Amino acid sequence: MQWARKGLHPGIMSDLDMSSQLRTSFEPMAQASVRNASERRQNLVRILFIHRYLADVERCLHELKRLRYTVSSDVVLTPGQFSERLHAEVYDTVIAEYPSSNWQETQALDILHKMKKDIPLVFLVHGLKREMAAELILKGAADCIEVDSIGHLPVAVHRALEEKVLRDQRDRAEKDLRRSEARYRALVGNRSYGVCRCSRDGRFLEVNEAIMRILGYGSRDELLAQNLARDMIQDAGRRAKLLGQSTADAPAEPVEIEWKRKDHTLVKVRLSGREVLDDLGELEAYEVIAEDVTRQRELEDHLRRQAASDPLTGLANYRCLVDVLDSEIKRSKRTGREFALLLFDVDGLKLINDRHGHMVGSQALCRLADVLSSCCRDIDTSARFGGDEFALVLPETNGKAANGVALRICESLANDDKGPKLSVSVGVAVYPENGETIEKLLCAADSGLYVRKQQRMSPANSRLTGNGQ
């Protein structure tokens, strides 16, 4: 079936047509090998689309299929239909058109929050201003993908699903660690969870084999001689947190600490516990369940770094830049100290690609990334803003100093002894002088960059311009 991208016929279909034609599924072929069928099952993803144009939906499904995703999907047009589908079916992610005439700005996110549905939402946008994309991400969107860059959608979906898996694993672990005494007794013989009994002063009284393995000890007597739990048990605040005691102002949270193994390496463990009372109801001991979460935390850190970095240059990506700007604005409000935002645009990148090839063009972007990194302090953040645009956040920096940094970067790039010769245009914005929100700062820096571009086309161009001067 051919779907038109624009117009009502047949781009926008009636509810009756949609109910009969919009459910799409890529199923494994009957003759596929066992290996291929297994791979498709592992990559199965259930998607709910909020979109008026079926051609765009079909493009999304094509990109996901191209990367070996097996997709089952539904499409809705209105908030009412969206709520009904969420009640009736289970979905892994939501892909929503933005903006849409049937929806308020973040209505889809609001509905998910109200229904307590932890489903990643990716906005599919067309010509959206960067500042609005930043606002959508800050309000809870997993990502914003341009329609013209639909090839990035599978990566965004994969990242959103991986982050949800980690959240689910965390929730299940917390639930398991807060089980009743019967659950505790069942775990004593479990090789996955370490279980120990501690005296009132924190000395080990009993341990199971799992905790011996976690801590690298081959002998119970050797482990019983250690005092790993003493600091926690003897500290009233940490002991209350361990036992799950909470107040209205301070709800209970899981306890994660680092214990030292026999070989002196560190292992990160998540702990929960309970009091053990004697026949008279007096406190006799404490029972503690320990789970080794070292690898889980390493995986989370790895995924977090991947989600925050640009794959080509290794710099922070757009999502990370938004988070940094948000943090800097909050810090500046507390301290009263300004900070600067610099935007860089590589001049003539299209010409470089046409003359020398896209590989050289990509190398040009990496050359600028290297210069930004070398000219930065440890507290600065350099990021790939998108395409051939880069950003640099300079904490506690005024306009004069920011322009000095920009000039140094321009000169370093022009004299890096590599070909072809590169130059950049720069826009500078200073908080709060040029804007008190992320959107206004980005607009101010972008305006300065545009002015610089215009000046470079004039014989009387200046060395540097920016709004923060």
# chains A, B, ... in the order shown; residues from 1 in each chain; ligands from 1

call {"tool": "residues_around", "arguments": {"residues": "Ala308 of chain A", "least_positions_apart": "4", "cutoff": "8 Å", "atoms": "only C-alpha atoms", "output": "PDB file with all heavy atoms, in the first residue's frame"}}
result
ATOM      1  N   ARG A 304      25.668   5.065  30.272  1.00  0.00           N
ATOM      2  CA  ARG A 304      25.506   6.502  30.520  1.00  0.00           C
ATOM      3  C   ARG A 304      26.529   7.301  29.708  1.00  0.00           C
ATOM      4  O   ARG A 304      26.209   8.359  29.149  1.00  0.00           O
ATOM      5  CB  ARG A 304      25.663   6.778  32.014  1.00  0.00           C
ATOM      6  CG  ARG A 304      25.216   8.165  32.444  1.00  0.00           C
ATOM      7  CD  ARG A 304      25.274   8.319  33.954  1.00  0.00           C
ATOM      8  NE  ARG A 304      24.307   7.442  34.599  1.00  0.00           N
ATOM      9  CZ  ARG A 304      24.626   6.384  35.340  1.00  0.00           C
ATOM     10  NH1 ARG A 304      25.894   6.042  35.521  1.00  0.00           N
ATOM     11  NH2 ARG A 304      23.695   5.656  35.905  1.00  0.00           N
ATOM     12  N   ALA A 316      30.914  15.488  24.261  1.00  0.00           N
ATOM     13  CA  ALA A 316      29.545  15.384  24.765  1.00  0.00           C
ATOM     14  C   ALA A 316      28.567  15.596  23.615  1.00  0.00           C
ATOM     15  O   ALA A 316      28.863  16.327  22.661  1.00  0.00           O
ATOM     16  CB  ALA A 316      29.316  16.425  25.860  1.00  0.00           C
ATOM     17  N   ASN A 317      27.399  14.942  23.691  1.00  0.00           N
ATOM     18  CA  ASN A 317      26.402  15.138  22.646  1.00  0.00           C
ATOM     19  C   ASN A 317      25.383  16.192  23.071  1.00  0.00           C
ATOM     20  O   ASN A 317      25.516  16.833  24.113  1.00  0.00           O
ATOM     21  CB  ASN A 317      25.719  13.814  22.285  1.00  0.00           C
ATOM     22  CG  ASN A 317      24.970  13.205  23.464  1.00  0.00           C
ATOM     23  OD1 ASN A 317      24.740  13.853  24.485  1.00  0.00           O
ATOM     24  ND2 ASN A 317      24.573  11.961  23.326  1.00  0.00           N
ATOM     25  N   TYR A 318      24.354  16.362  22.249  1.00  0.00           N
ATOM     26  CA  TYR A 318      23.387  17.434  22.490  1.00  0.00           C
ATOM     27  C   TYR A 318      22.645  17.241  23.810  1.00  0.00           C
ATOM     28  O   TYR A 318      22.423  18.204  24.551  1.00  0.00           O
ATOM     29  CB  TYR A 318      22.388  17.498  21.324  1.00  0.00           C
ATOM     30  CG  TYR A 318      21.379  18.603  21.447  1.00  0.00           C
ATOM     31  CD1 TYR A 318      21.756  19.922  21.224  1.00  0.00           C
ATOM     32  CD2 TYR A 318      20.064  18.330  21.797  1.00  0.00           C
ATOM     33  CE1 TYR A 318      20.837  20.944  21.341  1.00  0.00           C
ATOM     34  CE2 TYR A 318      19.143  19.351  21.917  1.00  0.00           C
ATOM     35  CZ  TYR A 318      19.524  20.646  21.681  1.00  0.00           C
ATOM     36  OH  TYR A 318      18.613  21.668  21.817  1.00  0.00           O
ATOM     37  N   ARG A 319      22.268  16.001  24.105  1.00  0.00           N
ATOM     38  CA  ARG A 319      21.542  15.750  25.355  1.00  0.00           C
ATOM     39  C   ARG A 319      22.406  16.106  26.561  1.00  0.00           C
ATOM     40  O   ARG A 319      21.925  16.697  27.530  1.00  0.00           O
ATOM     41  CB  ARG A 319      21.121  14.287  25.426  1.00  0.00           C
ATOM     42  CG  ARG A 319      20.081  13.883  24.399  1.00  0.00           C
ATOM     43  CD  ARG A 319      19.664  12.442  24.584  1.00  0.00           C
ATOM     44  NE  ARG A 319      18.978  12.256  25.848  1.00  0.00           N
ATOM     45  CZ  ARG A 319      18.660  11.060  26.341  1.00  0.00           C
ATOM     46  NH1 ARG A 319      18.982   9.976  25.682  1.00  0.00           N
ATOM     47  NH2 ARG A 319      18.029  10.949  27.486  1.00  0.00           N
ATOM     48  N   CYS A 320      23.686  15.737  26.508  1.00  0.00           N
ATOM     49  CA  CYS A 320      24.591  16.058  27.611  1.00  0.00           C
ATOM     50  C   CYS A 320      24.765  17.568  27.728  1.00  0.00           C
ATOM     51  O   CYS A 320      24.817  18.119  28.832  1.00  0.00           O
ATOM     52  CB  CYS A 320      25.927  15.366  27.405  1.00  0.00           C
ATOM     53  SG  CYS A 320      27.125  15.648  28.723  1.00  0.00           S
TER      54      CYS A 320
END

call {"tool": "atom_distance", "arguments": {"atom1": "atom CA of Leu442 of chain A", "atom2": "atom CA of Val122 of chain A"}}
result
22.2 Å

call {"tool": "residues_around", "arguments": {"residues": "segment 94-111 of chain A", "least_positions_apart": "3", "cutoff": "9 Å", "atoms": "only C-alpha atoms", "output": "tab-separated table (two decimals) with all heavy atoms, in the first residue's frame"}}
result
chain	number	residue	atom	x	y	z
A	46	ARG	N	7.71	-3.36	20.64
A	46	ARG	CA	6.31	-2.97	20.45
A	46	ARG	C	6.22	-1.45	20.54
A	46	ARG	O	6.55	-0.88	21.60
A	46	ARG	CB	5.44	-3.64	21.50
A	46	ARG	CG	5.42	-5.16	21.39
A	46	ARG	CD	5.08	-5.83	22.70
A	46	ARG	NE	6.13	-5.58	23.69
A	46	ARG	CZ	6.14	-6.13	24.90
A	46	ARG	NH1	5.19	-6.94	25.27
A	46	ARG	NH2	7.12	-5.85	25.75
A	47	ILE	N	5.75	-0.83	19.48
A	47	ILE	CA	5.79	0.63	19.37
A	47	ILE	C	4.37	1.18	19.18
A	47	ILE	O	3.59	0.62	18.41
A	47	ILE	CB	6.66	1.08	18.18
A	47	ILE	CG1	8.10	0.58	18.35
A	47	ILE	CG2	6.65	2.60	18.04
A	47	ILE	CD1	9.01	0.91	17.18
A	48	LEU	N	4.07	2.25	19.89
A	48	LEU	CA	2.82	2.99	19.68
A	48	LEU	C	3.17	4.32	19.04
A	48	LEU	O	3.87	5.14	19.63
A	48	LEU	CB	2.09	3.21	21.01
A	48	LEU	CG	0.77	3.97	20.93
A	48	LEU	CD1	-0.21	3.27	19.99
A	48	LEU	CD2	0.15	4.13	22.31
A	49	PHE	N	2.72	4.53	17.80
A	49	PHE	CA	2.98	5.77	17.09
A	49	PHE	C	1.86	6.78	17.33
A	49	PHE	O	0.68	6.42	17.33
A	49	PHE	CB	3.08	5.52	15.57
A	49	PHE	CG	4.35	4.85	15.14
A	49	PHE	CD1	4.42	3.47	15.04
A	49	PHE	CD2	5.47	5.59	14.81
A	49	PHE	CE1	5.57	2.83	14.63
A	49	PHE	CE2	6.63	4.97	14.39
A	49	PHE	CZ	6.69	3.59	14.31
A	50	ILE	N	2.25	8.04	17.53
A	50	ILE	CA	1.30	9.15	17.50
A	50	ILE	C	1.67	9.97	16.27
A	50	ILE	O	2.62	10.76	16.29
A	50	ILE	CB	1.41	10.02	18.78
A	50	ILE	CG1	1.20	9.17	20.03
A	50	ILE	CG2	0.41	11.16	18.73
A	50	ILE	CD1	1.48	9.93	21.32
A	51	HIS	N	0.94	9.76	15.18
A	51	HIS	CA	1.36	10.38	13.93
A	51	HIS	C	0.19	10.46	12.95
A	51	HIS	O	-0.63	9.56	12.87
A	51	HIS	CB	2.50	9.58	13.29
A	51	HIS	CG	3.48	10.44	12.55
A	51	HIS	ND1	3.15	11.18	11.45
A	51	HIS	CD2	4.80	10.70	12.79
A	51	HIS	CE1	4.21	11.83	11.02
A	51	HIS	NE2	5.23	11.57	11.82
A	52	ARG	N	0.16	11.56	12.20
A	52	ARG	CA	-0.89	11.76	11.20
A	52	ARG	C	-0.52	11.20	9.84
A	52	ARG	O	-1.39	10.90	9.03
A	52	ARG	CB	-1.20	13.25	11.05
A	52	ARG	CG	-1.78	13.92	12.30
A	52	ARG	CD	-1.81	15.43	12.14
A	52	ARG	NE	-0.45	15.96	12.01
A	52	ARG	CZ	-0.18	17.21	11.63
A	52	ARG	NH1	-1.17	18.04	11.30
A	52	ARG	NH2	1.07	17.63	11.55
A	53	TYR	N	0.77	11.10	9.54
A	53	TYR	CA	1.21	10.74	8.20
A	53	TYR	C	1.78	9.32	8.19
A	53	TYR	O	2.83	9.03	8.76
A	53	TYR	CB	2.26	11.74	7.72
A	53	TYR	CG	1.75	13.15	7.71
A	53	TYR	CD1	2.25	14.07	8.61
A	53	TYR	CD2	0.75	13.53	6.83
A	53	TYR	CE1	1.77	15.38	8.63
A	53	TYR	CE2	0.26	14.83	6.84
A	53	TYR	CZ	0.78	15.75	7.74
A	53	TYR	OH	0.30	17.02	7.75
A	77	LEU	N	-4.22	8.88	16.69
A	77	LEU	CA	-4.22	10.29	16.30
A	77	LEU	C	-4.52	11.23	17.45
A	77	LEU	O	-4.00	12.35	17.49
A	77	LEU	CB	-5.26	10.52	15.19
A	77	LEU	CG	-4.99	9.88	13.84
A	77	LEU	CD1	-6.14	10.14	12.90
A	77	LEU	CD2	-3.70	10.40	13.25
A	78	THR	N	-5.36	10.82	18.40
A	78	THR	CA	-5.86	11.73	19.43
A	78	THR	C	-5.42	11.27	20.81
A	78	THR	O	-5.09	10.09	21.01
A	78	THR	CB	-7.39	11.79	19.40
A	78	THR	OG1	-7.92	10.50	19.79
A	78	THR	CG2	-7.89	12.16	18.00
A	79	PRO	N	-5.43	12.17	21.80
A	79	PRO	CA	-5.11	11.78	23.18
A	79	PRO	C	-6.02	10.69	23.71
A	79	PRO	O	-5.58	9.81	24.45
A	79	PRO	CB	-5.27	13.09	23.96
A	79	PRO	CG	-5.00	14.16	22.95
A	79	PRO	CD	-5.56	13.65	21.67
A	82	PHE	N	-4.86	7.45	22.34
A	82	PHE	CA	-3.59	7.13	22.99
A	82	PHE	C	-3.82	6.48	24.35
A	82	PHE	O	-3.24	5.43	24.67
A	82	PHE	CB	-2.78	8.42	23.14
A	82	PHE	CG	-1.42	8.24	23.73
A	82	PHE	CD1	-0.48	7.39	23.15
A	82	PHE	CD2	-1.05	8.94	24.89
A	82	PHE	CE1	0.78	7.24	23.69
A	82	PHE	CE2	0.21	8.79	25.43
A	82	PHE	CZ	1.12	7.94	24.83
A	83	SER	N	-4.70	7.06	25.17
A	83	SER	CA	-5.00	6.51	26.49
A	83	SER	C	-5.62	5.13	26.39
A	83	SER	O	-5.29	4.22	27.16
A	83	SER	CB	-5.92	7.46	27.26
A	83	SER	OG	-5.31	8.72	27.45
A	91	TYR	N	3.38	-1.61	25.56
A	91	TYR	CA	4.31	-1.11	24.55
A	91	TYR	C	5.68	-0.87	25.16
A	91	TYR	O	5.80	-0.53	26.35
A	91	TYR	CB	3.77	0.20	23.94
A	91	TYR	CG	2.48	0.03	23.20
A	91	TYR	CD1	1.26	0.29	23.83
A	91	TYR	CD2	2.47	-0.39	21.89
A	91	TYR	CE1	0.06	0.13	23.15
A	91	TYR	CE2	1.27	-0.57	21.21
A	91	TYR	CZ	0.07	-0.31	21.84
A	91	TYR	OH	-1.11	-0.48	21.18
A	114	LYS	N	0.71	10.48	34.16
A	114	LYS	CA	-0.55	10.32	34.91
A	114	LYS	C	-0.93	8.85	35.03
A	114	LYS	O	-1.45	8.41	36.07
A	114	LYS	CB	-1.66	11.11	34.23
A	114	LYS	CG	-2.98	11.11	34.99
A	114	LYS	CD	-4.01	11.99	34.30
A	114	LYS	CE	-5.32	12.01	35.06
A	114	LYS	NZ	-6.33	12.86	34.40
A	115	MET	N	-0.70	8.09	33.97
A	115	MET	CA	-1.03	6.66	33.98
A	115	MET	C	0.07	5.81	34.61
A	115	MET	O	-0.05	4.58	34.67
A	115	MET	CB	-1.30	6.19	32.56
A	115	MET	CG	-2.51	6.84	31.90
A	115	MET	SD	-2.78	6.28	30.18
A	115	MET	CE	-3.21	4.55	30.49
A	116	LYS	N	1.15	6.44	35.06
A	116	LYS	CA	2.27	5.76	35.69
A	116	LYS	C	2.86	4.69	34.76
A	116	LYS	O	3.17	3.57	35.17
A	116	LYS	CB	1.85	5.15	37.02
A	116	LYS	CG	1.41	6.18	38.05
A	116	LYS	CD	1.04	5.54	39.38
A	116	LYS	CE	0.62	6.60	40.39
A	116	LYS	NZ	0.25	6.00	41.69
A	117	LYS	N	3.00	5.08	33.48
A	117	LYS	CA	3.58	4.19	32.48
A	117	LYS	C	5.04	4.60	32.23
A	117	LYS	O	5.30	5.69	31.73
A	117	LYS	CB	2.79	4.27	31.17
A	117	LYS	CG	1.35	3.82	31.27
A	117	LYS	CD	1.24	2.30	31.34
A	117	LYS	CE	-0.21	1.86	31.24
A	117	LYS	NZ	-0.35	0.39	31.29
A	119	ILE	N	7.29	4.31	29.94
A	119	ILE	CA	7.52	3.96	28.54
A	119	ILE	C	8.32	5.09	27.91
A	119	ILE	O	7.88	6.24	27.90
A	119	ILE	CB	6.19	3.78	27.78
A	119	ILE	CG1	5.31	2.73	28.47
A	119	ILE	CG2	6.45	3.38	26.34
A	119	ILE	CD1	3.94	2.58	27.84
A	120	PRO	N	9.51	4.81	27.36
A	120	PRO	CA	10.30	5.87	26.70
A	120	PRO	C	9.53	6.47	25.53
A	120	PRO	O	8.91	5.75	24.74
A	120	PRO	CB	11.56	5.13	26.23
A	120	PRO	CG	11.59	3.85	27.01
A	120	PRO	CD	10.19	3.50	27.31
A	121	LEU	N	9.60	7.81	25.40
A	121	LEU	CA	8.93	8.51	24.31
A	121	LEU	C	9.96	9.24	23.48
A	121	LEU	O	10.74	10.04	24.00
A	121	LEU	CB	7.88	9.49	24.86
A	121	LEU	CG	6.96	10.15	23.82
A	121	LEU	CD1	5.60	10.47	24.42
A	121	LEU	CD2	7.56	11.43	23.25
A	122	VAL	N	9.97	8.96	22.17
A	122	VAL	CA	10.86	9.62	21.23
A	122	VAL	C	10.02	10.51	20.33
A	122	VAL	O	9.05	10.05	19.72
A	122	VAL	CB	11.64	8.60	20.38
A	122	VAL	CG1	12.50	9.32	19.34
A	122	VAL	CG2	12.51	7.71	21.26
A	123	PHE	N	10.36	11.80	20.26
A	123	PHE	CA	9.64	12.73	19.40
A	123	PHE	C	10.26	12.70	18.00
A	123	PHE	O	11.49	12.76	17.85
A	123	PHE	CB	9.69	14.15	19.95
A	123	PHE	CG	8.70	14.40	21.05
A	123	PHE	CD1	9.13	14.63	22.35
A	123	PHE	CD2	7.34	14.40	20.80
A	123	PHE	CE1	8.22	14.86	23.37
A	123	PHE	CE2	6.42	14.62	21.81
A	123	PHE	CZ	6.86	14.85	23.10
A	124	LEU	N	9.41	12.58	17.00
A	124	LEU	CA	9.82	12.65	15.60
A	124	LEU	C	9.47	14.05	15.12
A	124	LEU	O	8.30	14.40	14.97
A	124	LEU	CB	9.09	11.59	14.78
A	124	LEU	CG	9.63	11.28	13.39
A	124	LEU	CD1	11.04	10.73	13.47
A	124	LEU	CD2	8.72	10.29	12.68
A	125	VAL	N	10.50	14.88	14.89
A	125	VAL	CA	10.28	16.31	14.66
A	125	VAL	C	10.69	16.69	13.25
A	125	VAL	O	11.45	15.99	12.58
A	125	VAL	CB	11.07	17.15	15.69
A	125	VAL	CG1	10.67	16.78	17.10
A	125	VAL	CG2	12.57	16.98	15.50
A	126	HIS	N	10.18	17.83	12.82
A	126	HIS	CA	10.50	18.34	11.48
A	126	HIS	C	10.79	19.83	11.58
A	126	HIS	O	9.90	20.63	11.88
A	126	HIS	CB	9.32	18.10	10.52
A	126	HIS	CG	9.63	18.51	9.10
A	126	HIS	ND1	10.44	17.75	8.27
A	126	HIS	CD2	9.26	19.59	8.39
A	126	HIS	CE1	10.54	18.35	7.10
A	126	HIS	NE2	9.84	19.48	7.15
A	128	LEU	N	12.39	21.43	13.91
A	128	LEU	CA	12.18	21.94	15.26
A	128	LEU	C	13.39	22.74	15.73
A	128	LEU	O	14.53	22.34	15.52
A	128	LEU	CB	11.95	20.78	16.23
A	128	LEU	CG	11.57	21.15	17.66
A	128	LEU	CD1	10.18	21.77	17.68
A	128	LEU	CD2	11.60	19.92	18.55
A	136	LEU	N	11.95	19.76	25.48
A	136	LEU	CA	11.25	18.48	25.47
A	136	LEU	C	12.06	17.41	26.20
A	136	LEU	O	11.50	16.60	26.95
A	136	LEU	CB	11.00	18.04	24.03
A	136	LEU	CG	9.98	18.87	23.24
A	136	LEU	CD1	9.93	18.41	21.79
A	136	LEU	CD2	8.60	18.79	23.87
A	139	LYS	N	11.88	17.83	29.90
A	139	LYS	CA	10.57	17.46	30.43
A	139	LYS	C	10.32	15.96	30.41
A	139	LYS	O	9.25	15.51	30.78
A	139	LYS	CB	9.47	18.19	29.67
A	139	LYS	CG	9.43	19.69	29.97
A	139	LYS	CD	8.27	20.38	29.26
A	139	LYS	CE	8.23	21.86	29.63
A	139	LYS	NZ	7.12	22.58	28.94
A	140	GLY	N	11.29	15.18	29.93
A	140	GLY	CA	11.16	13.73	30.06
A	140	GLY	C	11.22	12.94	28.78
A	140	GLY	O	11.15	11.71	28.82
A	141	ALA	N	11.33	13.59	27.62
A	141	ALA	CA	11.43	12.84	26.37
A	141	ALA	C	12.75	12.08	26.33
A	141	ALA	O	13.78	12.57	26.79
A	141	ALA	CB	11.34	13.78	25.17

call {"tool": "closest_atom_pairs", "arguments": {"of": "segment 263-352 of chain A", "to": "segment 396-408 of chain A", "cutoff": "8 Å", "atoms": "only C-alpha atoms", "output": "Markdown table"}}
result
| residue | atom | partner | partner_atom | distance |
| --- | --- | --- | --- | --- |
| A:Arg337 | CA | A:Glu396 | CA | 5.8 |
| A:Glu338 | CA | A:Glu396 | CA | 5.3 |
| A:Phe339 | CA | A:Glu396 | CA | 4.6 |
| A:Ala340 | CA | A:Thr397 | CA | 5.7 |
| A:Leu342 | CA | A:Ala406 | CA | 7.5 |

call {"tool": "residues_around", "arguments": {"residues": "Ala307 of chain A", "least_positions_apart": "3", "cutoff": "12 Å", "atoms": "only C-alpha atoms", "output": "list of chain:residue names"}}
result
A:Ala142, A:Asp143, A:Val155, A:Ala156, A:Val157, A:His158, A:Arg159, A:Ala160, A:Leu161, A:Glu162, A:Glu163, A:Glu300, A:Asp301, A:His302, A:Leu303, A:Arg304, A:Asp310, A:Pro311, A:Gly314, A:Leu315, A:Ala316, A:Asn317, A:Tyr318, A:Arg319, A:Cys320, A:Leu321

call {"tool": "write_last_selection", "arguments": {"atoms": "C-alpha atoms", "output": "mmCIF file, in the first residue's frame"}}
result
data_model
loop_
_atom_site.group_PDB
_atom_site.id
_atom_site.type_symbol
_atom_site.label_atom_id
_atom_site.label_comp_id
_atom_site.auth_asym_id
_atom_site.auth_seq_id
_atom_site.Cartn_x
_atom_site.Cartn_y
_atom_site.Cartn_z
ATOM 1 C CA ALA A 142 13.951 10.090 25.649
ATOM 2 C CA ASP A 143 15.129 11.809 22.456
ATOM 3 C CA VAL A 155 19.928 4.051 17.829
ATOM 4 C CA ALA A 156 17.585 6.274 19.848
ATOM 5 C CA VAL A 157 15.120 3.408 20.353
ATOM 6 C CA HIS A 158 17.915 1.009 21.366
ATOM 7 C CA ARG A 159 19.310 3.475 23.895
ATOM 8 C CA ALA A 160 15.879 4.201 25.383
ATOM 9 C CA LEU A 161 15.110 0.491 25.765
ATOM 10 C CA GLU A 162 18.502 -0.226 27.372
ATOM 11 C CA GLU A 163 17.932 2.527 29.929
ATOM 12 C CA GLU A 300 25.109 1.594 33.823
ATOM 13 C CA ASP A 301 28.182 3.831 33.724
ATOM 14 C CA HIS A 302 29.115 2.480 30.282
ATOM 15 C CA LEU A 303 25.629 3.085 28.884
ATOM 16 C CA ARG A 304 25.506 6.502 30.520
ATOM 17 C CA ASP A 310 29.020 11.865 20.225
ATOM 18 C CA PRO A 311 30.186 8.675 18.432
ATOM 19 C CA GLY A 314 33.957 11.590 21.453
ATOM 20 C CA LEU A 315 32.732 14.946 22.761
ATOM 21 C CA ALA A 316 29.545 15.384 24.765
ATOM 22 C CA ASN A 317 26.402 15.138 22.646
ATOM 23 C CA TYR A 318 23.387 17.434 22.490
ATOM 24 C CA ARG A 319 21.542 15.750 25.355
ATOM 25 C CA CYS A 320 24.591 16.058 27.611
ATOM 26 C CA LEU A 321 25.001 19.715 26.596
#
